[in-house]
$ cat query_26.txt   # compact mmCIF, C-alpha atoms
# COMPACT_ATOMS: atom_id res chain seq x y z
CA MET A 47 -17.04 10.31 -4.70
CA SER A 48 -15.32 11.35 -7.95
CA ALA A 49 -14.40 14.70 -9.48
CA HIS A 50 -13.07 15.54 -12.93
CA VAL A 51 -9.39 16.35 -13.20
CA PRO A 52 -8.92 19.97 -14.36
CA ALA A 53 -7.81 20.09 -17.99
CA GLY A 54 -4.35 21.44 -18.72
CA HIS A 55 -3.16 21.39 -15.11
CA PRO A 56 0.62 21.57 -14.58
CA LEU A 57 2.24 18.33 -13.50
CA LEU A 58 5.07 17.27 -11.21
CA VAL A 59 6.18 13.84 -12.47
CA VAL A 60 8.19 11.91 -9.87
CA ILE A 61 10.01 8.99 -11.50
CA ASP A 62 10.87 6.25 -9.02
CA PRO A 63 14.37 4.77 -9.39
CA ALA A 64 12.99 1.21 -9.59
CA ALA A 65 10.87 2.23 -12.59
CA ARG A 66 13.92 3.71 -14.32
CA ALA A 67 16.02 0.64 -13.54
CA THR A 68 13.49 -2.03 -14.56
CA ASP A 69 11.61 -0.53 -17.51
CA GLY A 70 13.16 2.56 -19.02
CA GLU A 71 11.09 2.19 -22.21
CA SER A 72 7.80 2.42 -20.27
CA VAL A 73 9.12 5.50 -18.46
CA ARG A 74 9.89 7.10 -21.84
CA ILE A 75 6.41 6.29 -23.18
CA ALA A 76 4.72 7.74 -20.09
CA LYS A 77 6.82 10.91 -20.29
CA ASP A 78 5.96 11.35 -23.98
CA VAL A 79 2.21 11.03 -23.35
CA LEU A 80 2.25 13.39 -20.36
CA CYS A 81 4.42 16.03 -22.04
CA ALA A 82 2.21 15.98 -25.14
CA GLY A 83 -1.00 16.50 -23.17
CA ALA A 84 -0.18 18.71 -20.20
CA ALA A 85 0.27 22.47 -20.17
CA SER A 86 3.45 22.23 -18.11
CA VAL A 87 5.49 19.26 -16.90
CA LYS A 88 8.28 19.26 -14.33
CA MET A 89 10.29 16.04 -13.95
CA ALA A 90 11.88 14.82 -10.71
CA PHE A 91 14.40 11.95 -10.61
CA PRO A 92 14.94 11.20 -6.89
CA GLU A 93 17.66 8.76 -5.92
CA SER A 94 16.54 8.36 -2.31
CA ALA A 95 13.42 8.59 -0.16
CA GLU A 96 14.68 11.91 1.20
CA GLU A 97 15.05 13.38 -2.29
CA ALA A 98 11.54 12.19 -3.17
CA GLU A 99 10.09 13.89 -0.08
CA ARG A 100 11.89 17.14 -0.94
CA ALA A 101 10.39 17.04 -4.43
CA LEU A 102 6.91 16.57 -2.94
CA ALA A 103 7.42 19.43 -0.50
CA HIS A 104 8.30 21.82 -3.35
CA ARG A 105 5.58 20.78 -5.80
CA GLY A 106 3.58 24.01 -5.36
CA ARG A 107 0.27 23.81 -7.23
CA ARG A 108 1.41 21.10 -9.59
CA HIS A 109 -0.60 17.88 -9.81
CA LEU A 110 1.50 15.00 -8.49
CA VAL A 111 2.13 12.11 -10.88
CA LEU A 112 4.12 9.07 -9.78
CA LEU A 113 5.82 6.71 -12.22
CA GLY A 114 6.41 3.68 -10.02
CA ASP A 115 5.08 0.53 -8.40
CA ASP A 116 3.21 -0.40 -5.21
CA ALA A 117 6.18 0.34 -2.95
CA ALA A 118 6.60 3.80 -4.47
CA LEU A 119 2.89 4.51 -4.04
CA LEU A 120 2.95 3.51 -0.35
CA ARG A 121 6.01 5.68 0.32
CA THR A 122 4.37 8.64 -1.42
CA VAL A 123 1.08 8.33 0.47
CA ASN A 124 3.01 8.02 3.74
CA ALA A 125 5.05 11.14 2.93
CA LEU A 126 1.96 13.20 2.04
CA ARG A 127 0.24 12.01 5.21
CA ARG A 128 3.21 13.03 7.35
CA GLU A 129 3.12 16.54 5.91
CA ARG A 130 -0.68 16.62 6.45
CA THR A 131 -1.49 17.31 2.79
CA LEU A 132 -2.69 13.85 1.75
CA HIS A 133 -6.35 14.71 1.09
CA ASP A 134 -5.46 18.07 -0.47
CA SER A 135 -2.97 16.51 -2.91
CA PRO A 136 -4.67 14.38 -5.58
CA LEU A 137 -2.30 11.69 -6.79
CA SER A 138 -1.91 10.02 -10.16
CA VAL A 139 0.08 6.84 -10.76
CA VAL A 140 1.46 5.20 -13.89
CA PRO A 141 2.33 1.65 -12.76
CA ILE A 142 5.93 0.87 -13.73
CA GLY A 143 8.17 -1.40 -11.73
CA PRO A 144 8.50 -4.85 -10.21
CA ARG A 145 5.20 -4.94 -8.30
CA SER A 146 2.05 -3.08 -9.33
CA THR A 147 -0.73 -5.40 -8.13
CA LEU A 148 -2.05 -2.88 -5.60
CA VAL A 149 -2.00 0.06 -8.02
CA ARG A 150 -3.98 -1.90 -10.59
CA ALA A 151 -6.45 -3.18 -7.97
CA LEU A 152 -7.20 0.45 -7.11
CA GLY A 153 -8.44 1.04 -10.67
CA VAL A 154 -5.35 2.30 -12.50
CA PRO A 155 -4.98 0.80 -16.03
CA VAL A 156 -2.42 -1.93 -16.58
CA GLN A 157 -1.11 -0.48 -19.84
CA VAL A 158 1.28 2.45 -19.47
CA PRO A 159 -0.20 4.61 -22.30
CA ALA A 160 -3.73 4.18 -20.90
CA ALA A 161 -2.56 5.00 -17.37
CA ALA A 162 -0.76 8.11 -18.63
CA ARG A 163 -3.85 9.25 -20.57
CA ALA A 164 -5.95 8.76 -17.42
CA VAL A 165 -3.66 11.26 -15.69
CA LEU A 166 -4.68 13.85 -18.29
CA ASP A 167 -8.42 13.18 -18.65
CA GLY A 168 -9.47 10.92 -15.78
CA VAL A 169 -11.39 11.58 -12.59
CA GLU A 170 -10.26 11.87 -8.98
CA ARG A 171 -11.70 9.14 -6.73
CA GLU A 172 -11.78 9.60 -2.97
CA LEU A 173 -10.52 6.51 -1.15
CA ASP A 174 -10.51 5.39 2.47
CA LEU A 175 -7.41 4.45 4.40
CA LEU A 176 -6.71 2.01 7.23
CA VAL A 177 -4.33 3.42 9.83
CA ASP A 178 -2.95 1.56 12.85
CA GLU A 179 -1.89 3.01 16.19
CA SER A 180 1.78 3.00 15.17
CA GLY A 181 1.11 5.07 12.04
CA GLY A 182 1.17 2.20 9.55
CA ILE A 183 -1.23 2.45 6.63
CA VAL A 184 -3.16 0.03 4.43
CA LEU A 185 -4.41 1.16 1.01
CA GLY A 186 -5.69 -2.18 -0.24
CA THR A 187 -5.91 -5.36 1.81
CA LEU A 188 -4.78 -6.40 5.28
CA SER A 189 -4.39 -10.15 5.88
CA LEU A 190 -3.21 -12.38 8.72
CA PRO A 191 -1.77 -14.55 10.02
CA CYS A 192 1.22 -15.02 7.73
CA GLY A 193 4.69 -16.43 7.88
CA THR A 194 8.19 -15.05 7.92
CA PRO A 195 8.61 -11.48 6.64
CA VAL A 196 10.00 -11.03 3.15
CA ALA A 197 11.19 -7.45 2.99
CA HIS A 198 10.94 -5.96 -0.47
CA THR A 199 9.65 -2.42 -0.11
CA ALA A 200 12.13 0.29 -1.14
CA ALA A 201 14.76 -2.40 -1.80
CA HIS A 202 16.18 -0.46 -4.72
CA TRP A 203 17.41 2.23 -2.32
CA TRP A 204 19.44 -0.18 -0.16
CA THR A 205 23.21 -0.13 -0.41
CA PRO A 206 25.00 -3.44 -1.17
CA VAL A 207 26.09 -3.67 2.48
CA GLU A 208 22.49 -3.19 3.68
CA LYS A 209 21.25 -5.86 1.25
CA THR A 210 23.83 -8.35 2.51
CA ALA A 211 22.98 -7.58 6.14
CA ARG A 212 19.24 -7.93 5.60
CA SER A 213 19.71 -11.24 3.75
CA LEU A 214 21.82 -12.55 6.63
CA VAL A 215 19.22 -11.50 9.20
CA ARG A 216 16.44 -13.22 7.23
CA THR A 217 18.55 -16.40 7.02
CA LEU A 218 19.31 -16.43 10.74
CA THR A 219 15.77 -15.65 11.87
CA SER A 220 13.73 -17.82 9.47
CA PRO A 221 11.98 -20.76 11.15
CA ILE A 222 13.38 -24.20 10.34
CA PRO A 223 10.72 -26.42 8.70
CA VAL A 224 10.11 -29.80 10.33
CA ASN A 225 10.60 -32.69 7.86
CA GLY A 226 10.54 -30.15 5.04
CA ASN A 227 6.99 -28.99 5.81
CA PRO A 228 6.20 -25.28 6.28
CA PRO A 229 4.85 -24.18 9.68
CA PRO A 230 1.04 -24.33 10.00
CA ARG A 231 -0.77 -21.15 9.08
CA ARG A 232 -3.63 -21.36 11.60
CA GLN A 233 -3.17 -19.25 14.72
CA ARG A 234 -5.19 -18.33 17.79
CA LEU A 235 -6.31 -14.74 17.38
CA ARG A 236 -8.89 -12.52 19.03
CA VAL A 237 -10.65 -10.37 16.43
CA GLU A 238 -12.96 -7.50 17.39
CA ALA A 239 -14.90 -5.22 15.03
CA ASP A 240 -16.18 -2.08 16.77
CA GLY A 241 -16.12 -4.09 20.00
CA VAL A 242 -18.04 -7.05 18.57
CA LEU A 243 -16.15 -10.34 18.96
CA LEU A 244 -15.67 -12.20 15.66
CA ALA A 245 -13.07 -14.75 16.81
CA ASP A 246 -11.48 -15.61 20.15
CA LEU A 247 -8.37 -17.35 21.39
CA ASP A 248 -10.15 -20.63 22.18
CA GLU A 249 -10.14 -21.72 18.53
CA PRO A 250 -7.51 -21.11 15.82
CA VAL A 251 -8.36 -19.13 12.71
CA HIS A 252 -7.15 -19.86 9.19
CA GLU A 253 -7.43 -16.36 7.77
CA VAL A 254 -8.49 -12.82 8.62
CA SER A 255 -8.83 -10.31 5.82
CA VAL A 256 -9.65 -6.59 6.11
CA ARG A 257 -10.07 -4.00 3.38
CA PRO A 258 -11.47 -0.46 3.17
CA ALA A 259 -15.02 -0.36 1.81
CA PRO A 260 -16.54 2.58 -0.08
CA THR A 261 -18.79 3.33 2.90
CA GLY A 262 -16.40 4.82 5.45
CA LEU A 263 -16.16 1.39 7.06
CA ALA A 264 -13.88 -1.61 6.62
CA GLU A 265 -14.99 -5.07 5.50
CA ILE A 266 -13.74 -7.87 7.73
CA PHE A 267 -13.70 -11.56 6.75
CA VAL A 268 -12.78 -14.33 9.20
CA ARG A 269 -12.33 -17.95 8.11
CA ARG A 270 -11.66 -20.59 10.77
CA THR A 271 -10.64 -23.51 8.55
CA PRO A 272 -9.77 -23.81 4.84
CA GLY A 273 -12.99 -24.06 2.88
CA SER A 274 -15.26 -23.09 5.78
CA ALA A 275 -17.83 -20.30 5.61
CA GLN A 276 -16.61 -16.80 6.34
CA VAL A 277 -17.73 -14.61 9.20
CA ARG A 278 -18.32 -11.16 7.70
CA ALA A 279 -18.68 -7.76 9.33
CA ARG A 280 -18.24 -4.04 8.68
CA ALA A 281 -16.70 -1.73 11.24
CA ARG A 282 -14.80 1.51 11.76
CA THR A 283 -12.21 -0.02 14.11
CA ILE A 284 -10.66 -3.51 14.02
CA THR A 285 -8.51 -4.91 16.83
CA VAL A 286 -6.55 -8.14 16.55
CA SER A 287 -4.62 -9.64 19.46
CA GLY A 288 -2.77 -12.90 19.94
CA ARG A 289 0.61 -14.39 20.56
CA ASP A 290 3.31 -12.92 18.32
CA PHE A 291 1.44 -12.75 15.03
CA ARG A 292 2.53 -11.24 11.74
CA TYR A 293 0.31 -9.55 9.19
CA ARG A 294 0.52 -8.44 5.58
CA ALA A 295 -0.45 -4.82 4.92
CA ASP A 296 -0.62 -4.47 1.13
CA SER A 297 2.76 -5.86 0.05
CA ALA A 298 4.69 -5.53 3.32
CA ILE A 299 4.79 -8.10 6.12
CA THR A 300 5.04 -6.66 9.64
CA GLY A 301 5.54 -8.20 13.06
CA PRO A 302 5.59 -10.08 15.23
CA VAL A 303 3.18 -8.07 17.41
CA ARG A 304 0.74 -9.06 20.14
CA SER A 305 -1.96 -6.49 19.45
CA ARG A 306 -2.81 -4.06 16.70
CA THR A 307 -5.79 -1.78 16.06
CA TRP A 308 -6.70 -0.37 12.67
CA THR A 309 -9.09 2.56 12.19
CA VAL A 310 -10.71 3.67 8.96
CA GLU A 311 -9.98 7.23 7.83
CA PRO A 312 -12.84 7.96 5.39
CA SER A 313 -12.02 9.77 2.12
CA ALA A 314 -8.44 10.17 3.28
CA TRP A 315 -6.83 10.45 -0.16
CA ARG A 316 -7.61 10.99 -3.84
CA LEU A 317 -6.42 8.87 -6.76
CA THR A 318 -6.85 9.60 -10.47
CA VAL A 319 -8.56 6.80 -12.40
CA PRO A 320 -10.16 6.61 -15.87
CA ARG A 321 -13.59 8.21 -16.26
$ encode --input "query_26.txt" --output "structure tokens"
Amino acid sequence: MSAHVPAGHPLLVVIDPAARATDGESVRIAKDVLCAGAASVKMAFPESAEEAERALAHRGRRHLVLLGDDAALLRTVNALRRERTLHDSPLSVVPIGPRSTLVRALGVPVQVPAAARAVLDGVERELDLLVDESGGIVLGTLSLPCGTPVAHTAAHWWTPVEKTARSLVRTLTSPIPVNGNPPPRRQRLRVEADGVLLADLDEPVHEVSVRPAPTGLAEIFVRRTPGSAQVRARARTITVSGRDFRYRADSAITGPVRSRTWTVEPSAWRLTVPR
């Protein structure tokens, strides 16, 4: 479902520090377009996740605009969900930063001027959300199994000491390849979709992919071997269990866990996209 964005609405523009650090020129272009077309624009330049959340909490009736990448979008959606205003707070994004694959897959233009113009004259699209029992969210695609975590969300807010510590932990905990070959990807997983068994522990699977569908359900794809036919299903709840598996939720890798259940929250949030 889509609705037109009200013309001339006041904006709160939150500029992520990674966007400022990596592409200041794109930030300037986006600001120029937004200031020229909006009735009122308030800028926020948070230096930490806490400062960003305070800016969101004091936005009033202003339409929220984020200048940032996938990691910034995920943090913002999480923050709005924690304060229970996610569905009531339509969100616009101008993709600027190191990783914007998710933002663009959701329908936001690649070019900064076009994305900024969509903020002013686009439409609000209601989107579903996948939420697990620990509170983790998926906006785009969930996939598993996968290898060693590569932490890169919110990295621009780490201190130098934290960066060094995290690099050391990754070095010490990474699996050692045998004869230079990476560990096999296939893993024994039990996959259930609304209680229907799609895969069991008696046979390894090559890939499981889950994504919200525009129907209030999630689409699930299970592939047992590379190149084999997929098992497809749609469901409201997806449960995966197995021995110490990791999964990729959008850009972040999580785990290991032994069981995880994701549930679709229909029309959970609203994103501005071109008409």
$ closest_residue --input "query_26.txt" --among "A:Ser313, A:Gln233, A:Thr261, A:Thr307" --to "Gly288 of chain A" --atoms "all atoms listed in the file"
A:Gln233
$ residues_around --input "query_26.txt" --residues "Val149 of chain A" --least-positions-apart "2" --cutoff "8 Å" --atoms "all atoms listed in the file" --output "list in words"
Asp115, Asp116, Leu119, Val139, Pro141, Ser146, Thr147, Ala151, Leu152, Gly153 and Val154 of chain A
$ atom_distance --input "query_26.txt" --atom1 "atom CA of Asp296 of chain A" --atom2 "atom CA of Leu126 of chain A"
17.9 Å
$ closest_atom_pairs --input "query_26.txt" --of "segment 105-213 of chain A" --to "segment 241-256 of chain A" --cutoff "6 Å" --atoms "only C-alpha atoms" --output "JSON lines"
{"residue": "A:Thr187", "atom": "CA", "partner": "A:Val256", "partner_atom": "CA", "distance": 5.8}
{"residue": "A:Leu188", "atom": "CA", "partner": "A:Val256", "partner_atom": "CA", "distance": 4.9}
{"residue": "A:Ser189", "atom": "CA", "partner": "A:Ser255", "partner_atom": "CA", "distance": 4.4}
{"residue": "A:Leu190", "atom": "CA", "partner": "A:Val254", "partner_atom": "CA", "distance": 5.3}
$ closest_atom_pairs --input "query_26.txt" --of "segment 70-125 of chain A" --to "segment 175-185 of chain A" --cutoff "12 Å" --atoms "only C-alpha atoms" --output "Markdown table"
| residue | atom | partner | partner_atom | distance |
| --- | --- | --- | --- | --- |
| A:Asp116 | CA | A:Leu185 | CA | 10.0 |
| A:Ala117 | CA | A:Leu185 | CA | 11.3 |
| A:Leu119 | CA | A:Leu185 | CA | 9.5 |
| A:Leu120 | CA | A:Leu185 | CA | 7.8 |
| A:Arg121 | CA | A:Ile183 | CA | 10.1 |
| A:Thr122 | CA | A:Ile183 | CA | 11.6 |
| A:Val123 | CA | A:Ile183 | CA | 8.8 |
| A:Asn124 | CA | A:Ile183 | CA | 7.6 |
| A:Ala125 | CA | A:Ile183 | CA | 11.3 |
$ write_last_selection --input "query_26.txt" --atoms "C-alpha atoms" --output "PDB file, in the coordinates of the input"
ATOM      1  CA  ASP A 116       3.210  -0.400  -5.210  1.00  0.00           C
ATOM      2  CA  ALA A 117       6.180   0.340  -2.950  1.00  0.00           C
ATOM      3  CA  LEU A 119       2.890   4.510  -4.040  1.00  0.00           C
ATOM      4  CA  LEU A 120       2.950   3.510  -0.350  1.00  0.00           C
ATOM      5  CA  ARG A 121       6.010   5.680   0.320  1.00  0.00           C
ATOM      6  CA  THR A 122       4.370   8.640  -1.420  1.00  0.00           C
ATOM      7  CA  VAL A 123       1.080   8.330   0.470  1.00  0.00           C
ATOM      8  CA  ASN A 124       3.010   8.020   3.740  1.00  0.00           C
ATOM      9  CA  ALA A 125       5.050  11.140   2.930  1.00  0.00           C
TER      10      ALA A 125
END
$ residues_around --input "query_26.txt" --residues "Leu137 of chain A" --least-positions-apart "2" --cutoff "8 Å" --atoms "all atoms listed in the file" --output "PyMOL selection string"
chain A and resi 109-112+135+139+316-318
$ closest_residue --input "query_26.txt" --among "A:Arg236, A:Glu129, A:Gly262, A:Ala90" --to "Phe291 of chain A" --atoms "all atoms listed in the file"
A:Arg236
$ atom_distance --input "query_26.txt" --atom1 "atom CA of Glu170 of chain A" --atom2 "atom CA of Ala85 of chain A"
18.7 Å
$ atom_distance --input "query_26.txt" --atom1 "atom CA of Arg171 of chain A" --atom2 "atom CA of Arg108 of chain A"
18.0 Å
$ residues_around --input "query_26.txt" --residues "segment 104-106 of chain A" --least-positions-apart "6" --cutoff "12 Å" --atoms "all atoms listed in the file" --output "compact mmCIF listing (two decimals) with C-alpha atoms, in the frame of the given file"
# COMPACT_ATOMS: atom_id res chain seq x y z
CA PRO A 56 0.62 21.57 -14.58
CA LEU A 57 2.24 18.33 -13.50
CA LEU A 58 5.07 17.27 -11.21
CA VAL A 59 6.18 13.84 -12.47
CA VAL A 60 8.19 11.91 -9.87
CA VAL A 87 5.49 19.26 -16.90
CA LYS A 88 8.28 19.26 -14.33
CA MET A 89 10.29 16.04 -13.95
CA ALA A 90 11.88 14.82 -10.71
CA GLU A 97 15.05 13.38 -2.29
CA ALA A 98 11.54 12.19 -3.17
CA LEU A 126 1.96 13.20 2.04
CA GLU A 129 3.12 16.54 5.91
CA THR A 131 -1.49 17.31 2.79
CA ASP A 134 -5.46 18.07 -0.47
CA SER A 135 -2.97 16.51 -2.91
$ residues_around --input "query_26.txt" --residues "Thr300 of chain A" --least-positions-apart "4" --cutoff "9 Å" --atoms "all atoms listed in the file" --output "PyMOL selection string"
chain A and resi 195+291-295
$ write_last_selection --input "query_26.txt" --atoms "C-alpha atoms" --output "compact mmCIF listing (two decimals), in the coordinates of the input"
# COMPACT_ATOMS: atom_id res chain seq x y z
CA PRO A 195 8.61 -11.48 6.64
CA PHE A 291 1.44 -12.75 15.03
CA ARG A 292 2.53 -11.24 11.74
CA TYR A 293 0.31 -9.55 9.19
CA ARG A 294 0.52 -8.44 5.58
CA ALA A 295 -0.45 -4.82 4.92
$ closest_residue --input "query_26.txt" --among "A:Val73, A:Ala259, A:Ala64, A:Leu80" --to "Glu93 of chain A" --atoms "only C-alpha atoms"
A:Ala64
$ closest_residue --input "query_26.txt" --among "A:Leu235, A:Ala76, A:Ala161, A:Val268" --to "Arg304 of chain A" --atoms "all atoms listed in the file"
A:Leu235
$ closest_residue --input "query_26.txt" --among "A:Ser305, A:Asp62, A:Ser297, A:Asp290" --to "Leu148 of chain A" --atoms "only C-alpha atoms"
A:Ser297
$ residues_near_point --input "query_26.txt" --point "(-13.1, 9.0, -0.2)" --cutoff "7 Å" --atoms "all atoms listed in the file" --output "ChimeraX atom specification"
/A:47,171-174,312-316
$ decode --input "query_26.txt" --residues "segment 283-293 of chain A" --atoms "all heavy atoms" --output "mmCIF file, in the first residue's frame"
data_model
loop_
_atom_site.group_PDB
_atom_site.id
_atom_site.type_symbol
_atom_site.label_atom_id
_atom_site.label_comp_id
_atom_site.auth_asym_id
_atom_site.auth_seq_id
_atom_site.Cartn_x
_atom_site.Cartn_y
_atom_site.Cartn_z
ATOM 1 N N THR A 283 5.534 -17.631 9.939
ATOM 2 C CA THR A 283 6.585 -17.928 10.915
ATOM 3 C C THR A 283 7.555 -18.949 10.339
ATOM 4 O O THR A 283 7.126 -19.956 9.765
ATOM 5 C CB THR A 283 5.975 -18.472 12.223
ATOM 6 O OG1 THR A 283 5.086 -17.491 12.765
ATOM 7 C CG2 THR A 283 7.067 -18.766 13.246
ATOM 8 N N ILE A 284 8.842 -18.703 10.493
ATOM 9 C CA ILE A 284 9.888 -19.603 9.992
ATOM 10 C C ILE A 284 10.801 -19.956 11.157
ATOM 11 O O ILE A 284 11.302 -19.061 11.854
ATOM 12 C CB ILE A 284 10.720 -18.937 8.872
ATOM 13 C CG1 ILE A 284 9.813 -18.468 7.743
ATOM 14 C CG2 ILE A 284 11.793 -19.888 8.358
ATOM 15 C CD1 ILE A 284 9.382 -17.022 7.865
ATOM 16 N N THR A 285 11.011 -21.245 11.384
ATOM 17 C CA THR A 285 11.906 -21.708 12.436
ATOM 18 C C THR A 285 13.025 -22.534 11.821
ATOM 19 O O THR A 285 12.767 -23.445 11.029
ATOM 20 C CB THR A 285 11.157 -22.551 13.483
ATOM 21 O OG1 THR A 285 10.148 -21.745 14.103
ATOM 22 C CG2 THR A 285 12.113 -23.056 14.561
ATOM 23 N N VAL A 286 14.254 -22.206 12.175
ATOM 24 C CA VAL A 286 15.418 -22.953 11.728
ATOM 25 C C VAL A 286 16.160 -23.443 12.965
ATOM 26 O O VAL A 286 16.380 -22.683 13.910
ATOM 27 C CB VAL A 286 16.356 -22.091 10.866
ATOM 28 C CG1 VAL A 286 17.585 -22.887 10.440
ATOM 29 C CG2 VAL A 286 15.621 -21.551 9.645
ATOM 30 N N SER A 287 16.530 -24.707 12.974
ATOM 31 C CA SER A 287 17.303 -25.266 14.078
ATOM 32 C C SER A 287 18.406 -26.152 13.515
ATOM 33 O O SER A 287 18.299 -26.690 12.422
ATOM 34 C CB SER A 287 16.410 -26.061 15.039
ATOM 35 O OG SER A 287 15.671 -27.048 14.344
ATOM 36 N N GLY A 288 19.461 -26.291 14.273
ATOM 37 C CA GLY A 288 20.604 -27.084 13.835
ATOM 38 C C GLY A 288 21.749 -26.879 14.798
ATOM 39 O O GLY A 288 21.612 -26.218 15.828
ATOM 40 N N ARG A 289 22.879 -27.402 14.439
ATOM 41 C CA ARG A 289 24.029 -27.334 15.333
ATOM 42 C C ARG A 289 24.879 -26.095 15.026
ATOM 43 O O ARG A 289 25.558 -26.024 14.014
ATOM 44 C CB ARG A 289 24.886 -28.598 15.191
ATOM 45 C CG ARG A 289 26.072 -28.634 16.137
ATOM 46 C CD ARG A 289 26.846 -29.934 15.998
ATOM 47 N NE ARG A 289 28.022 -29.940 16.862
ATOM 48 C CZ ARG A 289 28.892 -30.932 16.937
ATOM 49 N NH1 ARG A 289 28.704 -32.021 16.191
ATOM 50 N NH2 ARG A 289 29.933 -30.854 17.734
ATOM 51 N N ASP A 290 24.798 -25.111 15.907
ATOM 52 C CA ASP A 290 25.675 -23.936 15.853
ATOM 53 C C ASP A 290 25.778 -23.345 14.446
ATOM 54 O O ASP A 290 26.852 -23.336 13.834
ATOM 55 C CB ASP A 290 27.072 -24.298 16.365
ATOM 56 C CG ASP A 290 27.060 -24.687 17.835
ATOM 57 O OD1 ASP A 290 26.119 -24.284 18.527
ATOM 58 O OD2 ASP A 290 27.983 -25.403 18.272
ATOM 59 N N PHE A 291 24.670 -22.822 13.956
ATOM 60 C CA PHE A 291 24.696 -22.210 12.626
ATOM 61 C C PHE A 291 24.715 -20.684 12.740
ATOM 62 O O PHE A 291 24.283 -20.104 13.731
ATOM 63 C CB PHE A 291 23.489 -22.665 11.792
ATOM 64 C CG PHE A 291 22.147 -22.225 12.335
ATOM 65 C CD1 PHE A 291 21.588 -21.010 11.947
ATOM 66 C CD2 PHE A 291 21.449 -23.029 13.228
ATOM 67 C CE1 PHE A 291 20.347 -20.608 12.431
ATOM 68 C CE2 PHE A 291 20.210 -22.635 13.721
ATOM 69 C CZ PHE A 291 19.662 -21.430 13.325
ATOM 70 N N ARG A 292 25.237 -20.072 11.704
ATOM 71 C CA ARG A 292 25.229 -18.617 11.592
ATOM 72 C C ARG A 292 24.312 -18.222 10.451
ATOM 73 O O ARG A 292 24.105 -18.982 9.518
ATOM 74 C CB ARG A 292 26.645 -18.075 11.354
ATOM 75 C CG ARG A 292 27.586 -18.247 12.543
ATOM 76 C CD ARG A 292 28.930 -17.559 12.274
ATOM 77 N NE ARG A 292 29.770 -17.554 13.453
ATOM 78 C CZ ARG A 292 30.675 -18.470 13.737
ATOM 79 N NH1 ARG A 292 30.876 -19.487 12.894
ATOM 80 N NH2 ARG A 292 31.397 -18.397 14.835
ATOM 81 N N TYR A 293 23.814 -16.998 10.503
ATOM 82 C CA TYR A 293 22.942 -16.518 9.434
ATOM 83 C C TYR A 293 23.231 -15.050 9.170
ATOM 84 O O TYR A 293 23.730 -14.322 10.024
ATOM 85 C CB TYR A 293 21.462 -16.710 9.804
ATOM 86 C CG TYR A 293 21.025 -15.984 11.060
ATOM 87 C CD1 TYR A 293 20.533 -14.681 11.000
ATOM 88 C CD2 TYR A 293 21.099 -16.607 12.307
ATOM 89 C CE1 TYR A 293 20.131 -14.025 12.152
ATOM 90 C CE2 TYR A 293 20.691 -15.961 13.460
ATOM 91 C CZ TYR A 293 20.212 -14.665 13.371
ATOM 92 O OH TYR A 293 19.824 -14.004 14.525
#
